[in-house]
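K.L.:
Hey, dropping target_33.pdb in here, PDB, C-alpha atoms:
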ATOM      1  CA  MET A   1     -21.425 -54.587 -33.587
ATOM      2  CA  GLY A   2     -22.373 -51.781 -35.964
ATOM      3  CA  LEU A   3     -23.063 -48.212 -34.979
ATOM      4  CA  LEU A   4     -26.842 -48.587 -35.268
ATOM      5  CA  ASP A   5     -26.887 -51.781 -33.192
ATOM      6  CA  ASP A   6     -24.748 -50.123 -30.534
ATOM      7  CA  LEU A   7     -27.063 -47.102 -30.314
ATOM      8  CA  LYS A   8     -30.153 -49.337 -30.153
ATOM      9  CA  GLN A   9     -28.627 -51.330 -27.310
ATOM     10  CA  GLN A  10     -27.841 -48.146 -25.377
ATOM     11  CA  ALA A  11     -31.391 -46.883 -25.937
ATOM     12  CA  ASP A  12     -32.903 -50.196 -24.729
ATOM     13  CA  THR A  13     -30.729 -50.149 -21.599
ATOM     14  CA  LEU A  14     -31.742 -46.584 -20.844
ATOM     15  CA  ARG A  15     -35.431 -47.369 -21.325
ATOM     16  CA  GLN A  16     -35.149 -50.306 -18.894
ATOM     17  CA  LYS A  17     -33.510 -48.109 -16.266
ATOM     18  CA  GLU A  18     -36.201 -45.447 -16.681
ATOM     19  CA  GLN A  19     -38.922 -48.081 -16.332
ATOM     20  CA  VAL A  20     -37.416 -49.430 -13.110
ATOM     21  CA  SER A  21     -37.030 -45.894 -11.786
ATOM     22  CA  GLN A  22     -40.656 -45.093 -12.598
ATOM     23  CA  GLU A  23     -41.806 -48.250 -10.825
ATOM     24  CA  GLU A  24     -39.799 -47.261  -7.742
ATOM     25  CA  ILE A  25     -41.245 -43.759  -7.758
ATOM     26  CA  SER A  26     -44.780 -45.142  -8.074
ATOM     27  CA  GLN A  27     -44.162 -47.445  -5.110
ATOM     28  CA  ASN A  28     -42.671 -44.582  -3.112
ATOM     29  CA  LEU A  29     -45.709 -42.455  -3.923
ATOM     30  CA  LEU A  30     -47.965 -45.076  -2.324
ATOM     31  CA  LEU A  31     -45.733 -45.339   0.741
ATOM     32  CA  ALA A  32     -45.478 -41.563   1.159
ATOM     33  CA  HIS A  33     -49.250 -41.188   0.759
ATOM     34  CA  ALA A  34     -49.929 -43.755   3.495
ATOM     35  CA  LYS A  35     -47.482 -42.103   5.907
ATOM     36  CA  LEU A  36     -48.683 -38.570   5.200
ATOM     37  CA  LYS A  37     -52.337 -39.606   5.441
ATOM     38  CA  ASP A  38     -51.810 -40.822   9.020
ATOM     39  CA  ALA A  39     -49.769 -37.711   9.835
ATOM     40  CA  LEU A  40     -52.469 -35.400   8.439
ATOM     41  CA  HIS A  41     -55.051 -36.996  10.744
ATOM     42  CA  TYR A  42     -52.686 -36.467  13.696
ATOM     43  CA  TRP A  43     -52.058 -32.787  12.963
ATOM     44  CA  VAL A  44     -55.719 -31.970  12.316
ATOM     45  CA  GLU A  45     -56.590 -33.370  15.741
ATOM     46  CA  LEU A  46     -53.668 -31.688  17.486
ATOM     47  CA  PHE A  47     -54.129 -28.248  15.933
ATOM     48  CA  ASN A  48     -57.898 -28.321  16.509
ATOM     49  CA  SER A  49     -57.163 -29.043  20.172
ATOM     50  CA  LEU A  50     -54.586 -26.237  20.417
ATOM     51  CA  ASN A  51     -56.998 -23.736  18.881
ATOM     52  CA  VAL A  52     -59.534 -24.644  21.589
ATOM     53  CA  ILE A  53     -57.119 -24.781  24.545
ATOM     54  CA  LYS A  54     -55.099 -21.739  23.401
ATOM     55  CA  PRO A  55     -52.034 -22.572  25.520
ATOM     56  CA  SER A  56     -49.976 -19.592  26.650
ATOM     57  CA  ILE A  57     -46.717 -19.912  24.696
ATOM     58  CA  THR A  58     -44.374 -16.947  24.354
ATOM     59  CA  ARG A  59     -41.317 -16.784  22.133
ATOM     60  CA  VAL A  60     -38.230 -14.624  21.706
ATOM     61  CA  TYR A  61     -36.724 -14.195  18.230
ATOM     62  CA  TYR A  62     -33.390 -12.626  17.365
ATOM     63  CA  LEU A  63     -32.724 -10.608  14.207
ATOM     64  CA  GLU A  64     -29.405 -10.015  12.468
ATOM     65  CA  GLY A  65     -27.620 -12.869  14.178
ATOM     66  CA  GLY A  66     -28.615 -11.767  17.667
ATOM     67  CA  ALA A  67     -28.122  -8.000  17.387
ATOM     68  CA  THR A  68     -31.846  -7.255  17.823
ATOM     69  CA  ARG A  69     -34.554  -9.218  19.601
ATOM     70  CA  MET A  70     -38.333  -9.423  19.534
ATOM     71  CA  ASP A  71     -39.677 -10.208  23.001
ATOM     72  CA  ASP A  72     -42.933 -11.603  24.350
ATOM     73  CA  LEU A  73     -44.331 -12.938  21.067
ATOM     74  CA  HIS A  74     -47.472 -14.990  21.684
ATOM     75  CA  GLN A  75     -48.034 -18.126  19.618
ATOM     76  CA  SER A  76     -51.491 -18.715  18.088
ATOM     77  CA  ASP A  77     -53.621 -19.419  14.984
ATOM     78  CA  TYR A  78     -52.728 -23.031  14.248
ATOM     79  CA  ASN A  79     -53.604 -24.183  10.737
ATOM     80  CA  VAL A  80     -52.968 -27.412   8.806
ATOM     81  CA  ASN A  81     -53.487 -28.185   5.119
ATOM     82  CA  GLY A  82     -52.895 -31.251   2.989
ATOM     83  CA  ARG A  83     -51.588 -30.628  -0.516
ATOM     84  CA  ARG A  84     -52.873 -33.261  -2.926
ATOM     85  CA  LEU A  85     -51.629 -34.689  -6.207
ATOM     86  CA  THR A  86     -53.967 -36.296  -8.764
ATOM     87  CA  LEU A  87     -52.627 -39.118 -10.949
ATOM     88  CA  ASP A  88     -54.769 -41.438 -13.087
ATOM     89  CA  HIS A  89     -57.925 -39.995 -11.475
ATOM     90  CA  LYS A  90     -56.649 -40.856  -7.980
ATOM     91  CA  ASP A  91     -55.760 -38.372  -5.256
ATOM     92  CA  TYR A  92     -52.584 -38.723  -3.221
ATOM     93  CA  ILE A  93     -51.354 -36.584  -0.335
ATOM     94  CA  GLU A  94     -48.205 -34.908  -1.616
ATOM     95  CA  ALA A  95     -47.417 -32.726   1.398
ATOM     96  CA  ILE A  96     -48.687 -31.474   4.747
ATOM     97  CA  ILE A  97     -48.260 -27.799   5.618
ATOM     98  CA  LEU A  98     -48.488 -26.570   9.213
ATOM     99  CA  ARG A  99     -48.744 -22.861   9.916
ATOM    100  CA  PHE A 100     -48.995 -20.686  12.994
ATOM    101  CA  ARG A 101     -47.680 -17.297  14.082
ATOM    102  CA  CYS A 102     -45.823 -15.698  16.955
ATOM    103  CA  ALA A 103     -46.848 -12.070  17.394
ATOM    104  CA  SER A 104     -47.380  -9.080  19.656
ATOM    105  CA  ASN A 105     -49.170  -5.765  19.106
ATOM    106  CA  GLN A 106     -45.923  -3.803  19.238
ATOM    107  CA  LYS A 107     -43.810  -2.463  16.411
ATOM    108  CA  LEU A 108     -40.040  -2.401  16.219
ATOM    109  CA  THR A 109     -38.015   0.435  14.656
ATOM    110  CA  LEU A 110     -34.463  -0.094  13.411
ATOM    111  CA  GLU A 111     -32.190   2.492  11.810
ATOM    112  CA  LYS A 112     -29.277   1.373   9.649
ATOM    113  CA  GLN A 113     -26.482   3.370   8.069
ATOM    114  CA  THR A 114     -25.083   2.989   4.519
ATOM    115  CA  ASP A 115     -26.560   1.264   1.497
ATOM    116  CA  PRO A 116     -24.937  -2.198   1.976
ATOM    117  CA  VAL A 117     -26.122  -2.492   5.589
ATOM    118  CA  VAL A 118     -29.658  -1.418   4.663
ATOM    119  CA  GLN A 119     -29.770  -3.906   1.790
ATOM    120  CA  ARG A 120     -28.451  -6.700   3.999
ATOM    121  CA  LEU A 121     -31.181  -6.199   6.603
ATOM    122  CA  ARG A 122     -33.847  -5.886   3.902
ATOM    123  CA  GLU A 123     -32.745  -9.217   2.422
ATOM    124  CA  HIS A 124     -32.688 -10.821   5.878
ATOM    125  CA  LEU A 125     -36.287  -9.753   6.537
ATOM    126  CA  TRP A 126     -37.516 -10.780   3.092
ATOM    127  CA  THR A 127     -35.861 -14.192   3.337
ATOM    128  CA  ASN A 128     -37.649 -14.910   6.623
ATOM    129  CA  ASN A 129     -41.037 -13.541   5.450
ATOM    130  CA  LEU A 130     -41.180 -10.667   7.941
ATOM    131  CA  LYS A 131     -43.399  -7.695   7.140
ATOM    132  CA  PHE A 132     -41.821  -4.243   7.335
ATOM    133  CA  ASP A 133     -41.867  -0.686   6.004
ATOM    134  CA  LEU A 134     -38.646   1.017   4.956
ATOM    135  CA  LYS A 135     -37.976   4.732   4.736
ATOM    136  CA  GLU A 136     -34.845   5.463   2.734
ATOM    137  CA  ILE A 137     -32.851   8.660   3.241
ATOM    138  CA  ARG A 138     -30.705   9.322   0.171
ATOM    139  CA  ASN A 139     -27.915  11.823  -0.461
ATOM    140  CA  GLU A 140     -27.623  14.242  -3.370
ATOM    141  CA  ARG A 141     -26.167  11.514  -5.588
ATOM    142  CA  GLY A 142     -29.103   9.192  -4.920
ATOM    143  CA  TYR A 143     -27.282   6.738  -2.673
ATOM    144  CA  ILE A 144     -28.896   5.487   0.513
ATOM    145  CA  GLU A 145     -27.349   7.104   3.582
ATOM    146  CA  ARG A 146     -29.792   5.719   6.117
ATOM    147  CA  GLY A 147     -32.687   3.316   6.235
ATOM    148  CA  ILE A 148     -35.428   3.344   8.899
ATOM    149  CA  PHE A 149     -37.188  -0.009   9.206
ATOM    150  CA  THR A 150     -40.544  -0.346  10.953
ATOM    151  CA  LEU A 151     -41.429  -3.988  11.611
ATOM    152  CA  ASN A 152     -44.596  -5.678  12.723
ATOM    153  CA  CYS A 153     -43.634  -7.913  15.636
ATOM    154  CA  GLU A 154     -44.982 -11.024  13.933
ATOM    155  CA  ILE A 155     -43.102 -14.157  12.924
ATOM    156  CA  PRO A 156     -44.830 -16.586  10.521
ATOM    157  CA  VAL A 157     -43.895 -20.208  11.194
ATOM    158  CA  MET A 158     -44.302 -22.951   8.599
ATOM    159  CA  VAL A 159     -43.532 -26.668   8.756
ATOM    160  CA  THR A 160     -43.796 -28.706   5.547
ATOM    161  CA  MET A 161     -43.813 -32.516   5.436
ATOM    162  CA  VAL A 162     -43.269 -33.732   1.879
ATOM    163  CA  GLY A 163     -42.426 -36.993   0.176
ATOM    164  CA  ASP A 164     -39.044 -37.262  -1.539
ATOM    165  CA  LEU A 165     -40.125 -39.895  -4.054
ATOM    166  CA  GLU A 166     -36.816 -40.235  -5.879
ATOM    167  CA  ASN A 167     -34.947 -41.141  -2.707
ATOM    168  CA  GLY A 168     -37.723 -42.936  -0.840
ATOM    169  CA  ARG A 169     -37.842 -40.512   2.106
ATOM    170  CA  ILE A 170     -39.961 -37.906   3.830
ATOM    171  CA  LYS A 171     -38.590 -34.448   4.524
ATOM    172  CA  ILE A 172     -39.722 -32.112   7.286
ATOM    173  CA  ILE A 173     -38.790 -28.550   6.344
ATOM    174  CA  CYS A 174     -39.098 -26.095   9.233
ATOM    175  CA  LYS A 175     -39.058 -22.350   8.673
ATOM    176  CA  ASN A 176     -38.847 -19.917  11.609
ATOM    177  CA  LEU A 177     -39.530 -22.714  14.077
ATOM    178  CA  GLU A 178     -38.085 -21.507  17.411
ATOM    179  CA  LYS A 179     -35.663 -19.203  15.580
ATOM    180  CA  LEU A 180     -35.420 -17.407  12.250
ATOM    181  CA  GLY A 181     -34.199 -19.506   9.351
ATOM    182  CA  GLU A 182     -34.833 -22.890   7.826
ATOM    183  CA  PHE A 183     -33.679 -26.413   8.584
ATOM    184  CA  THR A 184     -34.629 -29.806   7.163
ATOM    185  CA  ASN A 185     -34.906 -33.202   8.819
ATOM    186  CA  ILE A 186     -34.922 -36.341   6.636
ATOM    187  CA  TYR A 187     -36.529 -39.684   7.486
ATOM    188  CA  ASP A 188     -36.743 -43.015   5.728
ATOM    189  CA  PHE A 189     -40.329 -44.224   5.427
ATOM    190  CA  ASP A 190     -39.999 -46.658   8.335
ATOM    191  CA  GLU A 191     -38.582 -43.874  10.546
ATOM    192  CA  PHE A 192     -41.429 -41.434   9.931
ATOM    193  CA  ASN A 193     -43.657 -42.609  12.751
ATOM    194  CA  LYS A 194     -45.702 -41.509  15.753
ATOM    195  CA  GLU A 195     -42.569 -40.678  17.742
ATOM    196  CA  VAL A 196     -41.448 -38.117  15.160
ATOM    197  CA  LEU A 197     -44.874 -36.471  15.194
ATOM    198  CA  GLU A 198     -44.964 -36.434  18.987
ATOM    199  CA  GLU A 199     -41.514 -34.855  19.286
ATOM    200  CA  LEU A 200     -42.335 -32.210  16.677
ATOM    201  CA  GLY A 201     -45.545 -31.479  18.572
ATOM    202  CA  LYS A 202     -43.494 -30.880  21.709
ATOM    203  CA  VAL A 203     -41.304 -28.420  19.798
ATOM    204  CA  ILE A 204     -44.403 -26.533  18.700
ATOM    205  CA  ILE A 205     -45.750 -26.136  22.246
ATOM    206  CA  ALA A 206     -42.292 -25.405  23.721
ATOM    207  CA  LYS A 207     -41.803 -28.643  25.667
ATOM    208  CA  PRO A 208     -38.502 -30.528  26.110
ATOM    209  CA  ASN A 209     -37.924 -32.780  23.100
ATOM    210  CA  ASN A 210     -35.342 -34.606  20.992
ATOM    211  CA  PHE A 211     -36.900 -33.863  17.609
ATOM    212  CA  ARG A 212     -33.711 -32.637  15.932
ATOM    213  CA  THR A 213     -31.842 -35.857  16.699
ATOM    214  CA  LEU A 214     -34.414 -38.464  15.636
ATOM    215  CA  GLY A 215     -33.635 -40.590  12.576
ATOM    216  CA  HIS A 216     -30.345 -41.965  11.318
ATOM    217  CA  HIS A 217     -29.873 -39.106   8.832
ATOM    218  CA  GLN A 218     -29.794 -36.638  11.726
ATOM    219  CA  GLU A 219     -27.548 -38.986  13.712
ATOM    220  CA  SER A 220     -25.135 -39.162  10.765
ATOM    221  CA  MET A 221     -24.984 -35.368  10.576
ATOM    222  CA  ARG A 222     -24.253 -35.168  14.297
ATOM    223  CA  SER A 223     -21.506 -37.790  14.136
ATOM    224  CA  THR A 224     -19.767 -36.019  11.248
ATOM    225  CA  THR A 225     -19.872 -32.630  12.984
ATOM    226  CA  THR A 226     -19.069 -33.789  16.513
ATOM    227  CA  ARG A 227     -15.385 -33.935  17.412
ATOM    228  CA  PRO A 228     -13.869 -35.389  20.590
ATOM    229  CA  THR A 229     -12.941 -32.731  23.131
ATOM    230  CA  ARG A 230      -9.932 -34.753  24.347
ATOM    231  CA  PRO A 231      -7.502 -37.213  22.744
ATOM    232  CA  LEU A 232      -8.656 -40.780  22.704
ATOM    233  CA  ALA A 233      -6.843 -42.743  25.386
ATOM    234  CA  GLU A 234      -7.101 -45.929  27.321
ATOM    235  CA  PRO A 235      -9.915 -45.424  29.842
ATOM    236  CA  GLU A 236      -9.115 -45.498  33.540
ATOM    237  CA  THR A 237     -10.449 -48.378  35.544
ATOM    238  CA  ARG A 238     -12.722 -46.965  38.200
ATOM    239  CA  PRO A 239     -15.474 -48.533  40.239
ATOM    240  CA  ALA A 240     -18.819 -47.967  38.600
ATOM    241  CA  PRO A 241     -21.080 -45.518  40.460
ATOM    242  CA  PRO A 242     -24.266 -46.947  41.926
ATOM    243  CA  SER A 243     -26.980 -46.962  39.331
ATOM    244  CA  LYS A 244     -29.950 -44.712  39.841
ATOM    245  CA  PRO A 245     -33.455 -46.010  39.298
ATOM    246  CA  GLN A 246     -34.651 -45.118  35.832
ATOM    247  CA  ALA A 247     -37.977 -43.452  35.313
ATOM    248  CA  PRO A 248     -40.246 -45.496  33.048
ATOM    249  CA  SER A 249     -40.071 -44.351  29.456
ATOM    250  CA  GLU A 250     -43.143 -42.849  27.860
ATOM    251  CA  ASP A 251     -45.155 -45.373  25.909
ATOM    252  CA  ILE A 252     -46.361 -43.451  22.888
ATOM    253  CA  SER A 253     -48.348 -46.453  21.697
ATOM    254  CA  ASP A 254     -50.722 -45.837  24.614
ATOM    255  CA  PRO A 255     -52.932 -42.868  23.634
ATOM    256  CA  THR A 256     -53.566 -42.015  27.272
ATOM    257  CA  LYS A 257     -49.821 -41.445  27.773
ATOM    258  CA  SER A 258     -48.954 -39.930  24.397
ATOM    259  CA  PHE A 259     -48.532 -36.235  23.717
ATOM    260  CA  LEU A 260     -51.721 -36.040  21.650
ATOM    261  CA  GLY A 261     -53.527 -38.132  24.242
ATOM    262  CA  SER A 262     -52.611 -35.646  26.983
ATOM    263  CA  ILE A 263     -53.954 -32.790  24.865
ATOM    264  CA  LYS A 264     -57.240 -34.665  24.413
ATOM    265  CA  SER A 265     -57.515 -35.385  28.131
ATOM    266  CA  ILE A 266     -57.335 -31.636  28.868
ATOM    267  CA  LEU A 267     -60.273 -31.025  26.531
ATOM    268  CA  LYS A 268     -62.363 -33.660  28.307
ATOM    269  CA  ARG A 269     -62.033 -32.018  31.726
TER     270      ARG A 269
END
Could you write out this structure as structure tokens?

P.N.:
Amino acid sequence: MGLLDDLKQQADTLRQKEQVSQEEISQNLLLAHAKLKDALHYWVELFNSLNVIKPSITRVYYLEGGATRMDDLHQSDYNVNGRRLTLDHKDYIEAIILRFRCASNQKLTLEKQTDPVVQRLREHLWTNNLKFDLKEIRNERGYIERGIFTLNCEIPVMVTMVGDLENGRIKIICKNLEKLGEFTNIYDFDEFNKEVLEELGKVIIAKPNNFRTLGHHQESMRSTTTRPTRPLAEPETRPAPPSKPQAPSEDISDPTKSFLGSIKSILKR
């Protein structure tokens, strides 16, 4: 085979792979749109209900790895938006963005010594979207000797649900949810269901939940980071303890028993 024929064959193979990849992405776009469309309806209903009920939820956030804390922050102002993508004159839901805030009317003052420490705290606050004023005290050579930070006691919280079209998944990216920082949960399309939404809703209103462990991607991360606390050995043979009656599990398919259903029932009283 000549050089030209070889290059043409490589180009044809590459074009075929790109075509298959584009077909997969188009199919994933349709799947992500369908999942996010249902989720958007859920969050609009839930956040509208929370803005009416105004549940009393207070939070505590720690700065600088626990060195400083913000107490008695009240959670409020729930907002949801759907980000759309237009292709071939058709609109698709690309992402859902949830926002709310945890705040008090107080201000917090922190004083830090030396330039590196001041810069480190400034970067920490910027990274987590916290508003602050900084007064710098410099020496004769222009270096920062001290920095006085004045912070608004307000933590913006954002949760983004977005389709990962290349990998056929949906990501939930949580920023400042329960604590400062960001973490991401990943779900295959068939895993992104009502249970995930319900458990995330429980996180938002500070109820017991298992949101961070749902989905096999999260399970895989747990199994790789969990180590046995004792050497594996042959188990002892002991009589099994009497079994306790199990409480019936919550049926989230029944709207009267689901998390969103309970919110609605409060509004109807």

K.L.:
Residues within 10 Å of Ile144 (chain A), please, as an MDAnalysis selection string. Count all atoms listed in the file; anything in the same chain fewer than 3 positions from it doesn't count.

P.N.:
chainID A and resid 113:119 136:141 147

K.L.:
My list of candidates is A:Ser49, A:Ser56, A:Ser21, A:Ser220. Which is closest to Ala206 (chain A) when distances are computed with only C-alpha atoms?

P.N.:
A:Ser56

K.L.:
State, in Å with one decimal place, the distance from CA of Lys37 (chain A) to CA of Glu166 (chain A).

P.N.:
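Between CA of Lys37 (chain A) and CA of Glu166 (chain A) the gap is 19.2 Å.
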
K.L.:
Between A:Leu165, A:Ala67, A:Ile204, A:Leu214, which one has atoms that come closest to Tyr187 (chain A), using all atoms listed in the file?

P.N.:
A:Leu214

K.L.:
Using only C-alpha atoms, find the one residue out of A:Gln218, A:Asn51, A:Glu199, A:Thr160 that sits nearest to Ile186 (chain A).

P.N.:
A:Gln218

K.L.:
Hey, what comes out of the PyMOL selection byres ((chain A and resi 217) around 12) on this file? Could you write it as JSON, numbers by chain?

P.N.:
{"A": [169, 170, 171, 184, 185, 186, 187, 188, 191, 192, 212, 213, 214, 215, 216, 218, 219, 220, 221, 222, 223, 224]}

K.L.:
For the selection you just gave me, I'd like the residues written to a file as a PDB file, in the frame of the given file, keeping C-alpha atoms.

P.N.:
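The file below, part-v8.pdb, is the result:
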ATOM      1  CA  ARG A 169     -37.842 -40.512   2.106  1.00  0.00           C
ATOM      2  CA  ILE A 170     -39.961 -37.906   3.830  1.00  0.00           C
ATOM      3  CA  LYS A 171     -38.590 -34.448   4.524  1.00  0.00           C
ATOM      4  CA  THR A 184     -34.629 -29.806   7.163  1.00  0.00           C
ATOM      5  CA  ASN A 185     -34.906 -33.202   8.819  1.00  0.00           C
ATOM      6  CA  ILE A 186     -34.922 -36.341   6.636  1.00  0.00           C
ATOM      7  CA  TYR A 187     -36.529 -39.684   7.486  1.00  0.00           C
ATOM      8  CA  ASP A 188     -36.743 -43.015   5.728  1.00  0.00           C
ATOM      9  CA  GLU A 191     -38.582 -43.874  10.546  1.00  0.00           C
ATOM     10  CA  PHE A 192     -41.429 -41.434   9.931  1.00  0.00           C
ATOM     11  CA  ARG A 212     -33.711 -32.637  15.932  1.00  0.00           C
ATOM     12  CA  THR A 213     -31.842 -35.857  16.699  1.00  0.00           C
ATOM     13  CA  LEU A 214     -34.414 -38.464  15.636  1.00  0.00           C
ATOM     14  CA  GLY A 215     -33.635 -40.590  12.576  1.00  0.00           C
ATOM     15  CA  HIS A 216     -30.345 -41.965  11.318  1.00  0.00           C
ATOM     16  CA  GLN A 218     -29.794 -36.638  11.726  1.00  0.00           C
ATOM     17  CA  GLU A 219     -27.548 -38.986  13.712  1.00  0.00           C
ATOM     18  CA  SER A 220     -25.135 -39.162  10.765  1.00  0.00           C
ATOM     19  CA  MET A 221     -24.984 -35.368  10.576  1.00  0.00           C
ATOM     20  CA  ARG A 222     -24.253 -35.168  14.297  1.00  0.00           C
ATOM     21  CA  SER A 223     -21.506 -37.790  14.136  1.00  0.00           C
ATOM     22  CA  THR A 224     -19.767 -36.019  11.248  1.00  0.00           C
TER      23      THR A 224
END

K.L.:
May I ask which of the residues A:Leu200, A:Leu108, A:Leu125, A:Leu36 is the closest one to Ile96 (chain A), counting only C-alpha atoms?

P.N.:
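Looking at the shortest contact to Ile96 (chain A), the residue is A:Leu36.
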
K.L.:
Residues within 10 Å of region 75-91 of chain A, please, as a PyMOL selection string. Count only C-alpha atoms; anything in the same chain fewer than 6 positions from it doesn't count.

P.N.:
chain A and resi 33+36-37+39-41+43-51+54-59+97-104+154-162+204-205

K.L.:
Rounded to one decimal place, report the CA of Leu197 (chain A)-CA of Asp164 (chain A) distance in Å.

P.N.:
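Taking CA of Leu197 (chain A) and CA of Asp164 (chain A), their separation equals 17.7 Å.
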
K.L.:
Record the distance separating CA of Thr68 (chain A) and CA of Glu145 (chain A), expressed in Å with one decimal.

P.N.:
20.7 Å

K.L.:
Taking (-27.5, -8.0, 10.3) in the coordinates of the supplied file, I want to know which residues reach to within 8 Å of it, counting all atoms listed in the file; could you give the answer as number ranges by chain?

P.N.:
A: 63-65, 67, 117, 120-121, 124

K.L.:
Limited to C-alpha atoms, could you put the picked residues into a file as a tab-separated table (two decimals), in the coordinates of the input?

P.N.:
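Output contents, as saved in again25.tsv:
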chain	number	residue	atom	x	y	z
A	63	LEU	CA	-32.72	-10.61	14.21
A	64	GLU	CA	-29.40	-10.02	12.47
A	65	GLY	CA	-27.62	-12.87	14.18
A	67	ALA	CA	-28.12	-8.00	17.39
A	117	VAL	CA	-26.12	-2.49	5.59
A	120	ARG	CA	-28.45	-6.70	4.00
A	121	LEU	CA	-31.18	-6.20	6.60
A	124	HIS	CA	-32.69	-10.82	5.88

K.L.:
Need a file for region 124-138 of chain A from that block: N, CA, C and O atoms, written as a PDB file, in the first residue's frame.

P.N.:
ATOM      1  N   HIS A 124      -8.620  31.644  50.059  1.00  0.00           N
ATOM      2  CA  HIS A 124      -9.644  30.744  50.612  1.00  0.00           C
ATOM      3  C   HIS A 124     -11.027  31.380  50.490  1.00  0.00           C
ATOM      4  O   HIS A 124     -12.002  30.712  50.096  1.00  0.00           O
ATOM      5  N   LEU A 125     -11.139  32.646  50.812  1.00  0.00           N
ATOM      6  CA  LEU A 125     -12.436  33.336  50.744  1.00  0.00           C
ATOM      7  C   LEU A 125     -12.881  33.524  49.298  1.00  0.00           C
ATOM      8  O   LEU A 125     -14.065  33.337  48.973  1.00  0.00           O
ATOM      9  N   TRP A 126     -11.967  33.910  48.432  1.00  0.00           N
ATOM     10  CA  TRP A 126     -12.305  34.074  47.019  1.00  0.00           C
ATOM     11  C   TRP A 126     -12.791  32.750  46.414  1.00  0.00           C
ATOM     12  O   TRP A 126     -13.795  32.710  45.699  1.00  0.00           O
ATOM     13  N   THR A 127     -12.063  31.683  46.692  1.00  0.00           N
ATOM     14  CA  THR A 127     -12.393  30.384  46.117  1.00  0.00           C
ATOM     15  C   THR A 127     -13.807  29.954  46.476  1.00  0.00           C
ATOM     16  O   THR A 127     -14.513  29.330  45.667  1.00  0.00           O
ATOM     17  N   ASN A 128     -14.253  30.303  47.687  1.00  0.00           N
ATOM     18  CA  ASN A 128     -15.570  29.880  48.156  1.00  0.00           C
ATOM     19  C   ASN A 128     -16.637  30.965  48.006  1.00  0.00           C
ATOM     20  O   ASN A 128     -17.728  30.852  48.579  1.00  0.00           O
ATOM     21  N   ASN A 129     -16.308  32.033  47.252  1.00  0.00           N
ATOM     22  CA  ASN A 129     -17.265  33.089  46.907  1.00  0.00           C
ATOM     23  C   ASN A 129     -17.804  33.847  48.113  1.00  0.00           C
ATOM     24  O   ASN A 129     -18.983  34.234  48.149  1.00  0.00           O
ATOM     25  N   LEU A 130     -16.966  34.054  49.124  1.00  0.00           N
ATOM     26  CA  LEU A 130     -17.371  34.819  50.296  1.00  0.00           C
ATOM     27  C   LEU A 130     -16.988  36.289  50.106  1.00  0.00           C
ATOM     28  O   LEU A 130     -15.899  36.602  49.618  1.00  0.00           O
ATOM     29  N   LYS A 131     -17.904  37.170  50.504  1.00  0.00           N
ATOM     30  CA  LYS A 131     -17.664  38.602  50.382  1.00  0.00           C
ATOM     31  C   LYS A 131     -16.917  39.106  51.620  1.00  0.00           C
ATOM     32  O   LYS A 131     -17.244  38.736  52.746  1.00  0.00           O
ATOM     33  N   PHE A 132     -15.934  39.973  51.380  1.00  0.00           N
ATOM     34  CA  PHE A 132     -15.139  40.494  52.500  1.00  0.00           C
ATOM     35  C   PHE A 132     -14.458  41.795  52.098  1.00  0.00           C
ATOM     36  O   PHE A 132     -14.294  42.106  50.914  1.00  0.00           O
ATOM     37  N   ASP A 133     -14.078  42.570  53.114  1.00  0.00           N
ATOM     38  CA  ASP A 133     -13.212  43.737  52.944  1.00  0.00           C
ATOM     39  C   ASP A 133     -11.890  43.427  53.632  1.00  0.00           C
ATOM     40  O   ASP A 133     -11.860  42.753  54.668  1.00  0.00           O
ATOM     41  N   LEU A 134     -10.821  43.941  53.073  1.00  0.00           N
ATOM     42  CA  LEU A 134      -9.483  43.681  53.628  1.00  0.00           C
ATOM     43  C   LEU A 134      -8.729  44.990  53.785  1.00  0.00           C
ATOM     44  O   LEU A 134      -8.578  45.756  52.829  1.00  0.00           O
ATOM     45  N   LYS A 135      -8.276  45.227  55.004  1.00  0.00           N
ATOM     46  CA  LYS A 135      -7.408  46.377  55.278  1.00  0.00           C
ATOM     47  C   LYS A 135      -5.989  45.855  55.478  1.00  0.00           C
ATOM     48  O   LYS A 135      -5.735  45.059  56.388  1.00  0.00           O
ATOM     49  N   GLU A 136      -5.086  46.303  54.625  1.00  0.00           N
ATOM     50  CA  GLU A 136      -3.705  45.838  54.684  1.00  0.00           C
ATOM     51  C   GLU A 136      -2.832  46.858  55.410  1.00  0.00           C
ATOM     52  O   GLU A 136      -2.887  48.051  55.114  1.00  0.00           O
ATOM     53  N   ILE A 137      -2.059  46.378  56.366  1.00  0.00           N
ATOM     54  CA  ILE A 137      -1.080  47.223  57.060  1.00  0.00           C
ATOM     55  C   ILE A 137       0.302  46.808  56.569  1.00  0.00           C
ATOM     56  O   ILE A 137       0.717  45.659  56.766  1.00  0.00           O
ATOM     57  N   ARG A 138       0.983  47.740  55.897  1.00  0.00           N
ATOM     58  CA  ARG A 138       2.270  47.435  55.271  1.00  0.00           C
ATOM     59  C   ARG A 138       3.414  48.119  56.037  1.00  0.00           C
ATOM     60  O   ARG A 138       3.226  49.169  56.667  1.00  0.00           O
TER      61      ARG A 138
END
